[in-house]
file run.pdb (PDB, C-alpha atoms)
ATOM      1  CA  MET W   1       0.000   0.000   0.000
ATOM      2  CA  THR W   2       1.508   3.313  -1.081
ATOM      3  CA  THR W   3       0.292   6.887  -0.800
ATOM      4  CA  THR W   4      -1.447   8.246  -3.862
ATOM      5  CA  LEU W   5       1.249  10.898  -4.275
ATOM      6  CA  PHE W   6       4.052   8.352  -4.698
ATOM      7  CA  SER W   7       1.918   6.100  -6.915
ATOM      8  CA  TYR W   8       1.247   8.916  -9.368
ATOM      9  CA  ALA W   9       4.786  10.281  -9.109
ATOM     10  CA  GLU W  10       6.147   6.886 -10.145
ATOM     11  CA  ARG W  11       3.828   6.780 -13.152
ATOM     12  CA  LEU W  12       4.580  10.321 -14.292
ATOM     13  CA  ALA W  13       8.324   9.794 -13.867
ATOM     14  CA  ALA W  14       8.182   6.533 -15.826
ATOM     15  CA  GLU W  15       6.381   8.262 -18.704
ATOM     16  CA  GLN W  16       9.289  10.708 -19.015
ATOM     17  CA  ALA W  17      12.198   8.384 -18.214
ATOM     18  CA  PRO W  18      11.049   4.755 -18.206
ATOM     19  CA  ARG W  19      14.148   3.348 -16.565
ATOM     20  CA  ALA W  20      14.192   2.788 -12.785
ATOM     21  CA  ALA W  21      11.424   5.185 -11.686
ATOM     22  CA  ALA W  22      10.501   3.103  -8.608
ATOM     23  CA  LEU W  23      14.144   2.644  -7.638
ATOM     24  CA  ARG W  24      14.803   6.388  -7.732
ATOM     25  CA  LEU W  25      11.885   7.094  -5.388
ATOM     26  CA  GLY W  26      13.539   4.872  -2.769
ATOM     27  CA  LEU W  27      16.802   6.760  -2.255
ATOM     28  CA  ARG W  28      16.080   7.890   1.273
ATOM     29  CA  TRP W  29      15.800   6.550   4.803
ATOM     30  CA  SER W  30      14.825   8.135   8.038
ATOM     31  CA  PHE W  31      12.013   8.167  10.490
ATOM     32  CA  GLY W  32      10.565  11.596  11.178
ATOM     33  CA  LEU W  33       8.578  12.299  14.351
ATOM     34  CA  PRO W  34       6.821  15.669  13.882
ATOM     35  CA  ALA W  35       7.102  18.205  16.692
ATOM     36  CA  SER W  36       3.685  19.636  15.789
ATOM     37  CA  GLY W  37       1.716  16.440  16.393
ATOM     38  CA  LEU W  38       0.199  13.827  14.101
ATOM     39  CA  GLU W  39      -3.376  14.925  13.465
ATOM     40  CA  ALA W  40      -2.643  17.182  10.484
ATOM     41  CA  ILE W  41      -0.815  14.611   8.292
ATOM     42  CA  PRO W  42      -2.779  14.208   5.005
ATOM     43  CA  GLU W  43      -3.029  11.018   2.950
ATOM     44  CA  TYR W  44      -0.522  12.477   0.493
ATOM     45  CA  GLY W  45       1.828  13.658   3.242
ATOM     46  CA  LEU W  46       5.571  13.140   3.029
ATOM     47  CA  PRO W  47       7.829  11.643   5.681
ATOM     48  CA  LEU W  48       9.870  14.173   7.586
ATOM     49  CA  ASN W  49      13.544  14.131   6.759
ATOM     50  CA  PRO W  50      16.445  16.351   7.948
ATOM     51  CA  GLU W  51      16.865  17.269   4.285
ATOM     52  CA  PRO W  52      13.339  17.678   2.838
ATOM     53  CA  ILE W  53      12.538  14.424   1.092
ATOM     54  CA  LEU W  54      11.662  15.953  -2.269
ATOM     55  CA  ALA W  55      15.001  17.752  -2.395
ATOM     56  CA  ALA W  56      16.783  14.529  -1.413
ATOM     57  CA  LEU W  57      15.073  12.523  -4.157
ATOM     58  CA  GLU W  58      15.994  15.103  -6.783
ATOM     59  CA  ARG W  59      19.622  15.304  -5.689
ATOM     60  CA  ARG W  60      20.082  11.562  -5.325
ATOM     61  CA  GLY W  61      17.977  10.227  -8.172
ATOM     62  CA  GLY W  62      17.098  12.984 -10.598
ATOM     63  CA  ILE W  63      13.324  12.985 -10.021
ATOM     64  CA  ARG W  64      12.036  16.484  -9.321
ATOM     65  CA  ILE W  65       8.675  16.610  -7.513
ATOM     66  CA  VAL W  66       7.543  20.153  -6.769
ATOM     67  CA  ARG W  67       4.775  20.956  -4.303
ATOM     68  CA  HIS W  68       2.687  23.955  -5.297
ATOM     69  CA  GLU W  69       0.294  25.892  -3.077
ATOM     70  CA  GLY W  70      -2.827  27.021  -4.912
ATOM     71  CA  ASP W  71      -2.167  28.986  -8.087
ATOM     72  CA  GLY W  72       0.433  31.451  -6.910
ATOM     73  CA  GLU W  73       3.701  31.513  -8.835
ATOM     74  CA  VAL W  74       2.639  28.620 -11.076
ATOM     75  CA  SER W  75      -0.959  28.033 -12.130
ATOM     76  CA  LEU W  76      -2.263  24.476 -12.243
ATOM     77  CA  TYR W  77      -4.319  25.371 -15.296
ATOM     78  CA  ASP W  78      -1.371  26.886 -17.152
ATOM     79  CA  HIS W  79       0.539  23.692 -16.371
ATOM     80  CA  LEU W  80      -2.279  21.526 -17.735
ATOM     81  CA  ALA W  81      -2.689  23.782 -20.785
ATOM     82  CA  ALA W  82       0.945  23.103 -21.660
ATOM     83  CA  GLY W  83       0.043  19.432 -22.043
ATOM     84  CA  ARG W  84       1.612  18.334 -18.772
ATOM     85  CA  PRO W  85      -0.317  16.194 -16.267
ATOM     86  CA  ALA W  86      -0.345  17.087 -12.582
ATOM     87  CA  ILE W  87      -0.964  15.385  -9.257
ATOM     88  CA  VAL W  88      -3.774  17.283  -7.562
ATOM     89  CA  ALA W  89      -5.027  17.092  -3.992
ATOM     90  CA  ILE W  90      -8.829  16.924  -3.860
ATOM     91  CA  ASP W  91     -11.795  16.044  -1.687
ATOM     92  CA  ALA W  92     -13.367  12.996  -3.356
ATOM     93  CA  PHE W  93     -16.783  14.100  -2.045
ATOM     94  CA  TYR W  94     -17.035  16.314  -5.150
ATOM     95  CA  LEU W  95     -16.041  13.805  -7.853
ATOM     96  CA  PRO W  96     -19.297  12.715  -9.551
ATOM     97  CA  PHE W  97     -17.843   9.493 -10.988
ATOM     98  CA  ARG W  98     -16.858   8.121  -7.549
ATOM     99  CA  PRO W  99     -19.139   5.699  -5.635
ATOM    100  CA  ALA W 100     -18.945   7.930  -2.551
ATOM    101  CA  TYR W 101     -19.859  11.104  -4.440
ATOM    102  CA  GLY W 102     -21.797  13.473  -2.215
ATOM    103  CA  ARG W 103     -21.553  11.123   0.783
ATOM    104  CA  VAL W 104     -17.969  10.816   2.078
ATOM    105  CA  TYR W 105     -15.451  13.615   2.608
ATOM    106  CA  SER W 106     -11.992  12.194   1.904
ATOM    107  CA  SER W 107      -8.804  13.899   0.751
ATOM    108  CA  ARG W 108      -6.130  12.334  -1.445
ATOM    109  CA  THR W 109      -4.453  13.062  -4.755
ATOM    110  CA  VAL W 110      -5.561  12.284  -8.296
ATOM    111  CA  ARG W 111      -3.963  12.635 -11.703
ATOM    112  CA  ALA W 112      -5.325  15.546 -13.723
ATOM    113  CA  SER W 113      -4.809  16.278 -17.421
ATOM    114  CA  GLY W 114      -6.466  18.208 -20.229
ATOM    115  CA  THR W 115      -7.448  21.796 -20.816
ATOM    116  CA  GLY W 116     -10.458  23.957 -21.346
ATOM    117  CA  GLY W 117     -13.806  23.312 -19.748
ATOM    118  CA  ALA W 118     -13.319  19.581 -19.065
ATOM    119  CA  ILE W 119     -10.425  18.154 -17.102
ATOM    120  CA  ARG W 120      -9.691  14.436 -17.113
ATOM    121  CA  ILE W 121      -9.284  12.903 -13.655
ATOM    122  CA  GLN W 122      -7.751   9.503 -12.969
ATOM    123  CA  ASP W 123      -8.338   8.218  -9.441
ATOM    124  CA  LEU W 124      -6.596   4.938  -8.574
ATOM    125  CA  TRP W 125      -8.206   4.670  -5.128
ATOM    126  CA  GLY W 126     -10.063   1.366  -4.960
ATOM    127  CA  PRO W 127     -12.188   0.825  -6.917
ATOM    128  CA  PRO W 128     -10.240   2.817  -9.544
ATOM    129  CA  ALA W 129     -12.315   5.294 -11.527
ATOM    130  CA  GLU W 130     -11.872   7.933 -14.219
ATOM    131  CA  GLY W 131     -14.006  10.793 -15.418
ATOM    132  CA  THR W 132     -14.105  14.411 -16.471
ATOM    133  CA  VAL W 133     -15.013  17.384 -14.319
ATOM    134  CA  SER W 134     -15.460  21.046 -15.023
ATOM    135  CA  ARG W 135     -12.952  23.563 -13.770
ATOM    136  CA  GLU W 136     -15.584  24.819 -11.324
ATOM    137  CA  ILE W 137     -16.071  21.375  -9.778
ATOM    138  CA  LEU W 138     -12.342  20.793  -9.589
ATOM    139  CA  GLU W 139     -11.878  24.124  -7.828
ATOM    140  CA  THR W 140     -14.482  23.152  -5.242
ATOM    141  CA  ALA W 141     -12.739  19.801  -4.686
ATOM    142  CA  ARG W 142      -9.291  21.461  -4.533
ATOM    143  CA  PHE W 143     -10.238  23.976  -1.866
ATOM    144  CA  SER W 144     -12.606  21.894   0.248
ATOM    145  CA  SER W 145     -12.388  22.122   4.029
ATOM    146  CA  VAL W 146     -12.886  18.294   4.089
ATOM    147  CA  PRO W 147     -15.106  18.271   7.207
ATOM    148  CA  LEU W 148     -14.156  15.712   9.831
ATOM    149  CA  ASP W 149     -16.384  12.615   9.795
ATOM    150  CA  VAL W 150     -14.716   9.897  11.846
ATOM    151  CA  ASP W 151     -17.569   7.438  11.317
ATOM    152  CA  ARG W 152     -17.413   7.472   7.518
ATOM    153  CA  GLU W 153     -13.753   8.438   6.997
ATOM    154  CA  PRO W 154     -11.662   7.999  10.153
ATOM    155  CA  LEU W 155      -8.336   9.010   8.590
ATOM    156  CA  PHE W 156      -8.581  11.246   5.552
ATOM    157  CA  SER W 157     -11.229  13.732   6.602
ATOM    158  CA  GLY W 158     -10.672  16.717   8.851
ATOM    159  CA  ASN W 159      -7.771  18.462   7.072
ATOM    160  CA  PRO W 160      -8.455  21.210   4.484
ATOM    161  CA  VAL W 161      -7.015  20.456   1.040
ATOM    162  CA  GLY W 162      -5.925  24.027   0.357
ATOM    163  CA  GLY W 163      -5.255  23.858  -3.376
ATOM    164  CA  VAL W 164      -2.081  21.747  -3.145
ATOM    165  CA  TRP W 165      -0.795  20.146  -6.346
ATOM    166  CA  PHE W 166       2.449  18.574  -7.555
ATOM    167  CA  SER W 167       4.437  18.583 -10.779
ATOM    168  CA  VAL W 168       6.941  15.853 -11.693
ATOM    169  CA  GLU W 169      10.032  15.974 -13.904
ATOM    170  CA  ALA W 170      12.362  13.018 -14.390
ATOM    171  CA  ALA W 171      15.830  13.243 -15.888
ATOM    172  CA  PRO W 172      17.217  10.295 -17.881
ATOM    173  CA  PHE W 173      18.744   7.645 -15.643
ATOM    174  CA  GLU W 174      22.303   6.793 -16.594
ATOM    175  CA  LEU W 175      25.004   4.987 -14.618
ATOM    176  CA  ALA W 176      28.665   5.124 -15.533
ATOM    177  CA  ASP W 177      29.723   3.043 -12.522
ATOM    178  CA  GLY W 178      26.752   1.283 -10.948
ATOM    179  CA  ALA W 179      28.664  -0.107  -7.983
ATOM    180  CA  ALA W 180      30.095   3.288  -7.010
ATOM    181  CA  TRP W 181      26.677   4.904  -7.438
ATOM    182  CA  ALA W 182      25.013   2.314  -5.192
ATOM    183  CA  ARG W 183      27.753   2.430  -2.567
ATOM    184  CA  GLU W 184      27.535   6.211  -2.215
ATOM    185  CA  ARG W 185      23.782   6.079  -1.659
ATOM    186  CA  LEU W 186      24.047   3.247   0.847
ATOM    187  CA  GLU W 187      26.451   5.446   2.802
ATOM    188  CA  TRP W 188      23.872   8.210   2.861
ATOM    189  CA  LEU W 189      21.146   5.823   4.006
ATOM    190  CA  GLN W 190      23.267   4.327   6.760
ATOM    191  CA  ASP W 191      24.085   7.788   8.062
ATOM    192  CA  GLU W 192      20.398   8.785   8.040
ATOM    193  CA  MET W 193      19.520   5.744  10.107
ATOM    194  CA  ALA W 194      22.321   5.862  12.632
ATOM    195  CA  ARG W 195      22.813   9.551  13.411
ATOM    196  CA  PRO W 196      20.147  11.178  15.609
ATOM    197  CA  ARG W 197      19.019  14.570  14.367
ATOM    198  CA  ALA W 198      16.478  17.139  15.468
ATOM    199  CA  ASP W 199      15.310  20.556  14.350
ATOM    200  CA  GLU W 200      12.275  22.776  14.821
ATOM    201  CA  ARG W 201      10.174  20.409  12.678
ATOM    202  CA  GLY W 202      10.855  17.195  14.574
ATOM    203  CA  GLU W 203      13.241  14.354  15.438
ATOM    204  CA  TYR W 204      14.813  11.884  13.028
ATOM    205  CA  GLY W 205      16.478   8.497  12.782
ATOM    206  CA  LEU W 206      16.198   5.220  14.638
ATOM    207  CA  GLN W 207      16.240   7.040  17.953
ATOM    208  CA  ALA W 208      13.072   8.894  16.924
ATOM    209  CA  LEU W 209      11.496   5.603  15.852
ATOM    210  CA  ARG W 210      12.226   4.094  19.262
ATOM    211  CA  LYS W 211      10.687   7.147  20.917
ATOM    212  CA  PHE W 212       7.551   6.861  18.813
ATOM    213  CA  ARG W 213       7.200   3.169  19.644
ATOM    214  CA  GLY W 214       7.259   3.949  23.373
ATOM    215  CA  TRP W 215       4.811   6.823  22.924
ATOM    216  CA  LEU W 216       2.406   4.641  20.933
ATOM    217  CA  GLU W 217       2.453   1.772  23.427
ATOM    218  CA  GLU W 218       1.779   4.172  26.278
ATOM    219  CA  ARG W 219      -1.053   6.011  24.516
ATOM    220  CA  LEU W 220      -2.820   2.837  23.379
ATOM    221  CA  ALA W 221      -3.354   1.978  27.024
ATOM    222  CA  GLY W 222      -4.433   5.518  27.942
ATOM    223  CA  PRO W 223      -7.853   7.149  28.332
ATOM    224  CA  PRO W 224     -10.287   6.809  25.390
ATOM    225  CA  ASP W 225      -9.663  10.259  23.884
ATOM    226  CA  GLU W 226      -5.891   9.838  24.140
ATOM    227  CA  SER W 227      -6.053   6.333  22.715
ATOM    228  CA  LEU W 228      -8.232   7.452  19.791
ATOM    229  CA  ALA W 229      -5.820  10.261  18.909
ATOM    230  CA  ALA W 230      -2.900   7.825  19.017
ATOM    231  CA  ARG W 231      -4.603   5.344  16.687
ATOM    232  CA  ARG W 232      -5.593   7.935  14.140
ATOM    233  CA  GLY W 233      -2.362   9.927  14.338
ATOM    234  CA  GLY W 234      -0.201   6.803  14.411
ATOM    235  CA  SER W 235      -1.812   5.410  11.279
ATOM    236  CA  LEU W 236      -1.452   8.756   9.479
ATOM    237  CA  LEU W 237       2.252   8.867  10.371
ATOM    238  CA  LEU W 238       3.024   5.263   9.422
ATOM    239  CA  ARG W 239       1.410   5.371   5.971
ATOM    240  CA  PRO W 240       3.932   7.675   4.224
ATOM    241  CA  GLU W 241       6.787   6.044   6.140
ATOM    242  CA  LEU W 242       5.733   2.604   4.885
ATOM    243  CA  THR W 243       5.407   3.974   1.347
ATOM    244  CA  SER W 244       8.969   5.259   1.514
ATOM    245  CA  ARG W 245      10.205   1.870   2.708
ATOM    246  CA  LEU W 246       8.471  -0.025  -0.087
ATOM    247  CA  TYR W 247      10.378   2.068  -2.621
ATOM    248  CA  LEU W 248      13.538   1.831  -0.514
ATOM    249  CA  GLY W 249      13.311  -1.951  -0.834
ATOM    250  CA  VAL W 250      13.426  -1.639  -4.627
ATOM    251  CA  PHE W 251      16.613   0.415  -4.424
ATOM    252  CA  LEU W 252      18.226  -1.900  -1.876
ATOM    253  CA  ARG W 253      17.580  -4.995  -3.993
ATOM    254  CA  ASN W 254      19.175  -3.314  -7.016
ATOM    255  CA  ALA W 255      22.068  -1.961  -4.949
ATOM    256  CA  ALA W 256      22.922  -5.451  -3.717
ATOM    257  CA  HIS W 257      22.909  -6.647  -7.334
ATOM    258  CA  LEU W 258      25.084  -3.771  -8.568
ATOM    259  CA  LEU W 259      27.585  -4.425  -5.770
ATOM    260  CA  GLY W 260      27.527  -8.202  -6.146
ATOM    261  CA  ASP W 261      26.934  -8.425  -2.377
ATOM    262  CA  ALA W 262      25.210 -11.745  -1.625
ATOM    263  CA  ARG W 263      25.026 -11.055   2.121
ATOM    264  CA  LEU W 264      23.323  -7.710   1.573
ATOM    265  CA  LYS W 265      20.912  -9.288  -0.913
ATOM    266  CA  GLU W 266      19.848 -11.833   1.700
ATOM    267  CA  GLU W 267      19.333  -9.127   4.337
ATOM    268  CA  VAL W 268      17.380  -6.959   1.910
ATOM    269  CA  GLU W 269      14.956  -9.756   1.041
ATOM    270  CA  ARG W 270      14.432 -10.387   4.739
ATOM    271  CA  TYR W 271      13.829  -6.672   5.292
ATOM    272  CA  ARG W 272      11.301  -6.405   2.482
ATOM    273  CA  ALA W 273       9.358  -9.436   3.686
ATOM    274  CA  ALA W 274       9.207  -8.101   7.242
ATOM    275  CA  LEU W 275       7.628  -4.825   6.116
ATOM    276  CA  GLY W 276       4.428  -6.820   6.498
ATOM    277  CA  HIS W 277       4.686  -6.136  10.242
ATOM    278  CA  TRP W 278       4.615  -2.396   9.568
ATOM    279  CA  GLN W 279       1.591  -2.860   7.305
ATOM    280  CA  ALA W 280      -0.243  -4.988   9.875
ATOM    281  CA  ALA W 281       0.278  -2.497  12.699
ATOM    282  CA  MET W 282      -0.840   0.402  10.503
ATOM    283  CA  ASP W 283      -3.954  -1.410   9.267
ATOM    284  CA  VAL W 284      -5.164  -2.344  12.734
ATOM    285  CA  LEU W 285      -4.470   1.133  14.077
ATOM    286  CA  THR W 286      -6.831   2.354  11.358
ATOM    287  CA  LYS W 287      -9.494  -0.274  12.019
ATOM    288  CA  THR W 288      -9.514   0.407  15.752
ATOM    289  CA  VAL W 289     -10.062   4.151  15.502
ATOM    290  CA  ARG W 290     -13.746   3.327  16.013
ATOM    291  CA  THR W 291     -13.441  -0.071  17.739
ATOM    292  CA  ARG W 292     -11.128  -0.428  20.721
ATOM    293  CA  ARG W 293     -10.338  -3.903  22.097
ATOM    294  CA  PRO W 294      -7.396  -4.964  24.292
ATOM    295  CA  GLU W 295      -6.535  -7.920  22.029
ATOM    296  CA  TYR W 296      -6.199  -5.523  19.074
ATOM    297  CA  ASP W 297      -3.801  -3.383  21.089
ATOM    298  CA  ASP W 298      -1.653  -6.439  21.780
ATOM    299  CA  PHE W 299      -1.624  -7.177  18.037
ATOM    300  CA  ILE W 300      -0.482  -3.626  17.251
ATOM    301  CA  ARG W 301       2.257  -3.711  19.887
ATOM    302  CA  HIS W 302       3.533  -7.075  18.661
ATOM    303  CA  HIS W 303       3.708  -6.166  15.003
ATOM    304  CA  PHE W 304       5.137  -2.705  15.490
ATOM    305  CA  ALA W 305       7.824  -4.127  17.783
ATOM    306  CA  ARG W 306       8.761  -6.563  14.983
ATOM    307  CA  ALA W 307       8.717  -3.679  12.489
ATOM    308  CA  CYS W 308      11.171  -1.705  14.637
ATOM    309  CA  GLU W 309      13.430  -4.738  15.000
ATOM    310  CA  ASN W 310      13.428  -4.999  11.207
ATOM    311  CA  GLU W 311      14.788  -1.446  10.931
ATOM    312  CA  GLU W 312      17.513  -2.244  13.481
ATOM    313  CA  ARG W 313      18.564  -5.290  11.423
ATOM    314  CA  LEU W 314      18.752  -3.182   8.294
ATOM    315  CA  LEU W 315      21.039  -0.718  10.035
ATOM    316  CA  ALA W 316      23.326  -3.574  11.064
ATOM    317  CA  ALA W 317      23.365  -4.839   7.463
ATOM    318  CA  LEU W 318      24.425  -1.388   6.216
ATOM    319  CA  VAL W 319      27.288  -0.918   8.694
ATOM    320  CA  PRO W 320      29.874  -2.083   6.092
ATOM    321  CA  TYR W 321      28.732   0.883   3.978
ATOM    322  CA  SER W 322      28.990   3.484   6.721
ATOM    323  CA  PRO W 323      30.645   6.777   5.677
TER     324      PRO W 323
END
call {"tool": "encode", "arguments": {"input": "run.pdb", "output": "structure tokens"}}
result
Amino acid sequence: MTTTLFSYAERLAAEQAPRAAALRLGLRWSFGLPASGLEAIPEYGLPLNPEPILAALERRGGIRIVRHEGDGEVSLYDHLAAGRPAIVAIDAFYLPFRPAYGRVYSSRTVRASGTGGAIRIQDLWGPPAEGTVSREILETARFSSVPLDVDREPLFSGNPVGGVWFSVEAAPFELADGAAWARERLEWLQDEMARPRADERGEYGLQALRKFRGWLEERLAGPPDESLAARRGGSLLLRPELTSRLYLGVFLRNAAHLLGDARLKEEVERYRAALGHWQAAMDVLTKTVRTRRPEYDDFIRHHFARACENEERLLAALVPYSP
């Protein structure tokens, strides 16, 4: 399960430079624990990183993803008129071709293309759907307040969309020395994991992940309001982090191949398989926003503990590539 932003970014990048789009979206590791809390993380949110993740992906892999606010310096409609698709944050409540049209407020991103009075929208959220909307309808969806409705949409309602959209540019992917390229990026990843960092936005690295695990276990056992906030906020935080790790796994598998490192290849396959623990903890956090049972809490604690152990093992596997 990946965020809609990364799913569309991979597709748009592959249309421009077909080689290794998924790999290049995985050139980053950290865990970011926001200082401002977890409630305001949207479905298309990005993991915190000491170096903003979009800047890191461009510098390390040549994929430029730019986040735009409204239609300030760059207009979405000028972008579309130039024949370039965009990733657009919307409230699906206003998309007439969706099953939940007019019933469920839910924010995510869609792919938009076309010009004039009708704009083509591709929405891969299950069940996938496509359709055209007028500029007026799209504007309403782009600037919706997305009213909170925990019963119908426990995660992706409650945060205004605010006209956010993204453009994607991908440079050709060429390697003169694949082994050297992979080794350099493994050094960067190992450093991101091992070295604790903090700034005004939050805390980073494995130390921050350990802190979050303790916080989550404590809050799950807390009063109902505190427990509810932890389930919802925890799931919102883990979704983009899991997305990043799924793409990271693609890079790591290819790095092991480029380096001819059989030991690393074995550790990477183990790491990728164990991401299922992360997925399981995130899914049950989501499902228990409305239904709290002690046995579910034990399930979450167990699987997230295994997920954290998986990150520790990866760090140990990358020690030979430390800077």
call {"tool": "resolve_selection", "arguments": {"input": "run.pdb", "expression": "the PyMOL selection byres ((chain W and resi 271) around 12)", "output": "PyMOL selection string"}}
result
chain W and resi 245-246+248-250+252-253+264-270+272-278+306-318
call {"tool": "residues_near_point", "arguments": {"input": "run.pdb", "point": "(-5.7, 13.8, -3.0)", "cutoff": "9 Å", "atoms": "only C-alpha atoms", "output": "list of chain:residue names"}}
result
W:Thr4, W:Leu5, W:Pro42, W:Glu43, W:Tyr44, W:Ile87, W:Val88, W:Ala89, W:Ile90, W:Asp91, W:Ala92, W:Ser106, W:Ser107, W:Arg108, W:Thr109, W:Val110, W:Arg111, W:Asp123, W:Arg142, W:Val161, W:Val164, W:Trp165
call {"tool": "residues_around", "arguments": {"input": "run.pdb", "residues": "segment 157-160 of chain W", "least_positions_apart": "3", "cutoff": "6 Å", "atoms": "all atoms listed in the file", "output": "PyMOL selection string"}}
result
chain W and resi 105-106+144-148+153
call {"tool": "resolve_selection", "arguments": {"input": "run.pdb", "expression": "the PyMOL selection byres ((chain W and resi 80) around 12)", "output": "ChimeraX atom specification"}}
result
/W:74-79,81-88,111-121,135,165-167
call {"tool": "write_last_selection", "arguments": {"input": "run.pdb", "atoms": "C-alpha atoms", "output": "short mmCIF file (atom, residue, chain, number, x, y, z; two decimals), in the coordinates of the input"}}
result
data_model
loop_
_atom_site.label_atom_id
_atom_site.label_comp_id
_atom_site.auth_asym_id
_atom_site.auth_seq_id
_atom_site.Cartn_x
_atom_site.Cartn_y
_atom_site.Cartn_z
CA VAL W 74 2.64 28.62 -11.08
CA SER W 75 -0.96 28.03 -12.13
CA LEU W 76 -2.26 24.48 -12.24
CA TYR W 77 -4.32 25.37 -15.30
CA ASP W 78 -1.37 26.89 -17.15
CA HIS W 79 0.54 23.69 -16.37
CA ALA W 81 -2.69 23.78 -20.78
CA ALA W 82 0.94 23.10 -21.66
CA GLY W 83 0.04 19.43 -22.04
CA ARG W 84 1.61 18.33 -18.77
CA PRO W 85 -0.32 16.19 -16.27
CA ALA W 86 -0.34 17.09 -12.58
CA ILE W 87 -0.96 15.38 -9.26
CA VAL W 88 -3.77 17.28 -7.56
CA ARG W 111 -3.96 12.64 -11.70
CA ALA W 112 -5.32 15.55 -13.72
CA SER W 113 -4.81 16.28 -17.42
CA GLY W 114 -6.47 18.21 -20.23
CA THR W 115 -7.45 21.80 -20.82
CA GLY W 116 -10.46 23.96 -21.35
CA GLY W 117 -13.81 23.31 -19.75
CA ALA W 118 -13.32 19.58 -19.07
CA ILE W 119 -10.42 18.15 -17.10
CA ARG W 120 -9.69 14.44 -17.11
CA ILE W 121 -9.28 12.90 -13.66
CA ARG W 135 -12.95 23.56 -13.77
CA TRP W 165 -0.80 20.15 -6.35
CA PHE W 166 2.45 18.57 -7.56
CA SER W 167 4.44 18.58 -10.78
#
call {"tool": "resolve_selection", "arguments": {"input": "run.pdb", "expression": "the PyMOL selection byres ((chain W and resi 198-206) around 6)", "output": "number ranges by chain"}}
result
W: 30-35, 193, 196-197, 207-209
call {"tool": "write_last_selection", "arguments": {"input": "run.pdb", "atoms": "C-alpha atoms", "output": "tab-separated table (two decimals), keeping the file's coordinate frame"}}
result
chain	number	residue	atom	x	y	z
W	30	SER	CA	14.82	8.14	8.04
W	31	PHE	CA	12.01	8.17	10.49
W	32	GLY	CA	10.56	11.60	11.18
W	33	LEU	CA	8.58	12.30	14.35
W	34	PRO	CA	6.82	15.67	13.88
W	35	ALA	CA	7.10	18.20	16.69
W	193	MET	CA	19.52	5.74	10.11
W	196	PRO	CA	20.15	11.18	15.61
W	197	ARG	CA	19.02	14.57	14.37
W	207	GLN	CA	16.24	7.04	17.95
W	208	ALA	CA	13.07	8.89	16.92
W	209	LEU	CA	11.50	5.60	15.85
call {"tool": "closest_residue", "arguments": {"input": "run.pdb", "among": "W:Leu27, W:Ala40, W:Val133, W:Leu124", "to": "Ala55 of chain W", "atoms": "all atoms listed in the file"}}
result
W:Leu27
call {"tool": "residues_around", "arguments": {"input": "run.pdb", "residues": "Ala20 of chain W", "least_positions_apart": "4", "cutoff": "12 Å", "atoms": "all atoms listed in the file", "output": "count of residues only"}}
result
23
call {"tool": "atom_distance", "arguments": {"input": "run.pdb", "atom1": "atom CA of Phe6 of chain W", "atom2": "atom CA of Trp215 of chain W"}}
result
27.7 Å
call {"tool": "decode", "arguments": {"input": "run.pdb", "residues": "segment 95-118 of chain W", "atoms": "C-alpha atoms", "output": "short mmCIF file (atom, residue, chain, number, x, y, z; two decimals), in the first residue's frame"}}
result
data_model
loop_
_atom_site.label_atom_id
_atom_site.label_comp_id
_atom_site.auth_asym_id
_atom_site.auth_seq_id
_atom_site.Cartn_x
_atom_site.Cartn_y
_atom_site.Cartn_z
CA LEU W 95 -16.04 13.80 -7.85
CA PRO W 96 -19.30 12.71 -9.55
CA PHE W 97 -17.84 9.49 -10.99
CA ARG W 98 -16.86 8.12 -7.55
CA PRO W 99 -19.14 5.70 -5.63
CA ALA W 100 -18.95 7.93 -2.55
CA TYR W 101 -19.86 11.10 -4.44
CA GLY W 102 -21.80 13.47 -2.21
CA ARG W 103 -21.55 11.12 0.78
CA VAL W 104 -17.97 10.82 2.08
CA TYR W 105 -15.45 13.62 2.61
CA SER W 106 -11.99 12.19 1.90
CA SER W 107 -8.80 13.90 0.75
CA ARG W 108 -6.13 12.33 -1.44
CA THR W 109 -4.45 13.06 -4.75
CA VAL W 110 -5.56 12.28 -8.30
CA ARG W 111 -3.96 12.63 -11.70
CA ALA W 112 -5.32 15.55 -13.72
CA SER W 113 -4.81 16.28 -17.42
CA GLY W 114 -6.47 18.21 -20.23
CA THR W 115 -7.45 21.80 -20.82
CA GLY W 116 -10.46 23.96 -21.35
CA GLY W 117 -13.81 23.31 -19.75
CA ALA W 118 -13.32 19.58 -19.07
#
